[in-house]
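Heads up, the thing below is written out as structure tokens.
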Amino acid sequence: MVTRIDLGSIRVDVVRKEIKNIHLGVYPPSGKVRISAPVWMELDAIRLFAINKLAWIKQQQRKLRAQERETPREYLERESHYVWGKRYLMQIIEREAKPSVELTHRHLRLQVRPGTDASKREELLADWYRDQLKRAVPALLAKWEPIIGVRVTRFYVQRMKTKWGSCNAEARNIRFNTELAKKPPECLEYIVVHELVHLLEPTHNDRFVAWMNKLMPHWRDFRDMLNRLPVRNEHWHY
């Protein structure tokens, strides 16, 4: 059940869950605000928490609304696509053979069977991006796990609509957004470190920030880079 709190012009959706701590999120594309709160927490206490975070909420909403968005993709010849931060022109090859994706110096070659529509082309490319990320993550985990002193039980790569990554500290699982395969490699490394640190500190408190400052002194630059780069143009659902 969702309860609504109005803070002036800002609407906050409150969802009560069987959790220990309260969590606040501001989500793209418009900056919708949602709080997940323990079932035992009084609404007045939740409202006070939201009021105290009002300046931060407004700041996040301004960032989201100002962020550039990709033009809708149609998966056509000479359309621009990005792989690890570099721009490639799509090249469509129609052939009665197994569909495939190949990266050359300037082109992203998409081989499909004749008559393959845009949705199937999108699906094929999404699977390829997912595979690129699956190949890239293990080396970064092998690098950073011994440095941070943690171990991941399992990692997942999937399409995520509101986060670049997430961490389940109890199960020691990490999830990565397939869109990271389009961004510069240092952005993926930042997210890997970010999620590994959550195994030490689940929240974004001062202890978390101290760990990030120690491990990756320029992590804010990578975070800001992700925030500046265009994000996928789509309809977001909550």
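Letters A, B, ... go to the chains of the structure tokens in the order shown; residues in each chain start at 1; ligands are counted from 1 in the same order.
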
- Leaving out A:Gln61 and any residue of its chain fewer than 2 positions from it, which residues lie within 10 Å of it when counting only C-alpha atoms, given as JSON, numbers by chain? {"A": [26, 27, 28, 29, 30, 31, 32, 33, 56, 57, 58, 59, 63, 64, 65, 66]}

Residue selection dump (C-alpha atoms) as a PDB file, in the first residue's frame:
ATOM      1  CA  VAL A  26      14.554  10.248  -6.294  1.00  0.00           C
ATOM      2  CA  TYR A  27      13.952   8.523  -9.614  1.00  0.00           C
ATOM      3  CA  PRO A  28      14.257   9.451 -13.293  1.00  0.00           C
ATOM      4  CA  PRO A  29      13.099  10.831 -15.556  1.00  0.00           C
ATOM      5  CA  SER A  30      11.008  13.456 -13.710  1.00  0.00           C
ATOM      6  CA  GLY A  31      12.363  13.124 -10.176  1.00  0.00           C
ATOM      7  CA  LYS A  32       9.608  11.102  -8.557  1.00  0.00           C
ATOM      8  CA  VAL A  33      10.230  10.732  -4.808  1.00  0.00           C
ATOM      9  CA  TRP A  56      18.671  17.141  -1.178  1.00  0.00           C
ATOM     10  CA  ILE A  57      15.453  16.024  -2.909  1.00  0.00           C
ATOM     11  CA  LYS A  58      15.210  19.302  -4.811  1.00  0.00           C
ATOM     12  CA  GLN A  59      18.866  19.101  -5.810  1.00  0.00           C
ATOM     13  CA  LYS A  63      19.905  17.123 -11.849  1.00  0.00           C
ATOM     14  CA  LEU A  64      17.519  14.559 -13.298  1.00  0.00           C
ATOM     15  CA  ARG A  65      15.428  17.082 -15.187  1.00  0.00           C
ATOM     16  CA  ALA A  66      18.530  18.709 -16.662  1.00  0.00           C
TER      17      ALA A  66
END

- Using the chain letters and numbers from this document, which residues of stretch 94-200 of chain A does DSSP assign to strand (DSSP E), as a list in words? Glu94, Ser100, Val101, Glu102, Leu103, His107, Leu108, Arg109, Leu110, Gln111, Val112, Arg154, Phe155, Tyr156, Val157, Gln158, Gly165, Ser166, Cys167, Asn168, Asn173, Ile174, Arg175, Phe176 and Asn177 of chain A

- Item | Residue list (alpha helix (DSSP H), DSSP) for stretch 5-139 of chain A, as a ChimeraX atom specification | /A:43-52,54-66,118-139

- Near stretch 127-141 of chain A, within 10 Å and counting only C-alpha atoms, which residues show up once chain neighbours fewer than 5 positions away are dropped, as a PyMOL selection string? chain A and resi 83-84+100-102+122+146-147+150-152+155-159+176-182+185+188-190+192-193+196

- Query: Contacts of stretch 8-25 of chain A at 7 Å or less, counting only C-alpha atoms, minus same-chain residues fewer than 4 places along, as an MDAnalysis selection string?
  - Reply: chainID A and resid 1:4 33:39

Generate the output file for the selected residues, C-alpha atoms, as a CSV table (one decimal), in the first residue's frame.
chain,number,residue,atom,x,y,z
A,1,MET,CA,0.0,0.0,0.0
A,2,VAL,CA,1.3,3.4,-1.0
A,3,THR,CA,0.7,6.5,1.3
A,4,ARG,CA,1.1,10.0,-0.1
A,33,VAL,CA,10.2,10.7,-4.8
A,34,ARG,CA,9.7,7.5,-2.9
A,35,ILE,CA,10.4,6.5,0.6
A,36,SER,CA,10.6,2.9,1.8
A,37,ALA,CA,10.0,2.8,5.5
A,38,PRO,CA,9.7,0.1,8.2
A,39,VAL,CA,6.2,-1.0,8.9

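Put simply, atom CA of A:Lys143 is 23.1 Å away from atom CA of A:Thr203.
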
- Item | For A:Pro99: contacts at 8 Å, only C-alpha atoms, fewer than 2 positions along chain excluded, given as a PyMOL selection string | chain A and resi 97+101+110-113+124

- Task: Excluding A:Glu79 and residues on its chain fewer than 6 positions from it, collect all residues at most 12 Å away from it, counting only C-alpha atoms, and give them as a PyMOL selection string.
- Result: chain A and resi 71-73+87-92+106-110

Report as a short mmCIF file (atom, residue, chain, number, x, y, z; two decimals) with C-alpha atoms, in the first residue's frame all protein, DNA and RNA residues lying within 9 Å of stretch 168-171 of chain A, evaluated on only C-alpha atoms, omitting residues in the same chain fewer than 4 positions from it.
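Result saved to out.cif:
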data_model
loop_
_atom_site.label_atom_id
_atom_site.label_comp_id
_atom_site.auth_asym_id
_atom_site.auth_seq_id
_atom_site.Cartn_x
_atom_site.Cartn_y
_atom_site.Cartn_z
CA VAL A 152 30.83 -11.34 -3.91
CA THR A 153 28.75 -14.51 -3.98
CA ARG A 154 27.31 -13.73 -7.40
CA ARG A 175 23.55 -6.24 -9.92
CA HIS A 198 28.17 -1.44 0.18
CA LEU A 199 29.19 -4.89 1.45
CA LEU A 200 31.03 -2.99 4.19
CA GLU A 201 28.50 -0.18 4.63
CA PRO A 202 24.94 -0.59 3.22
#
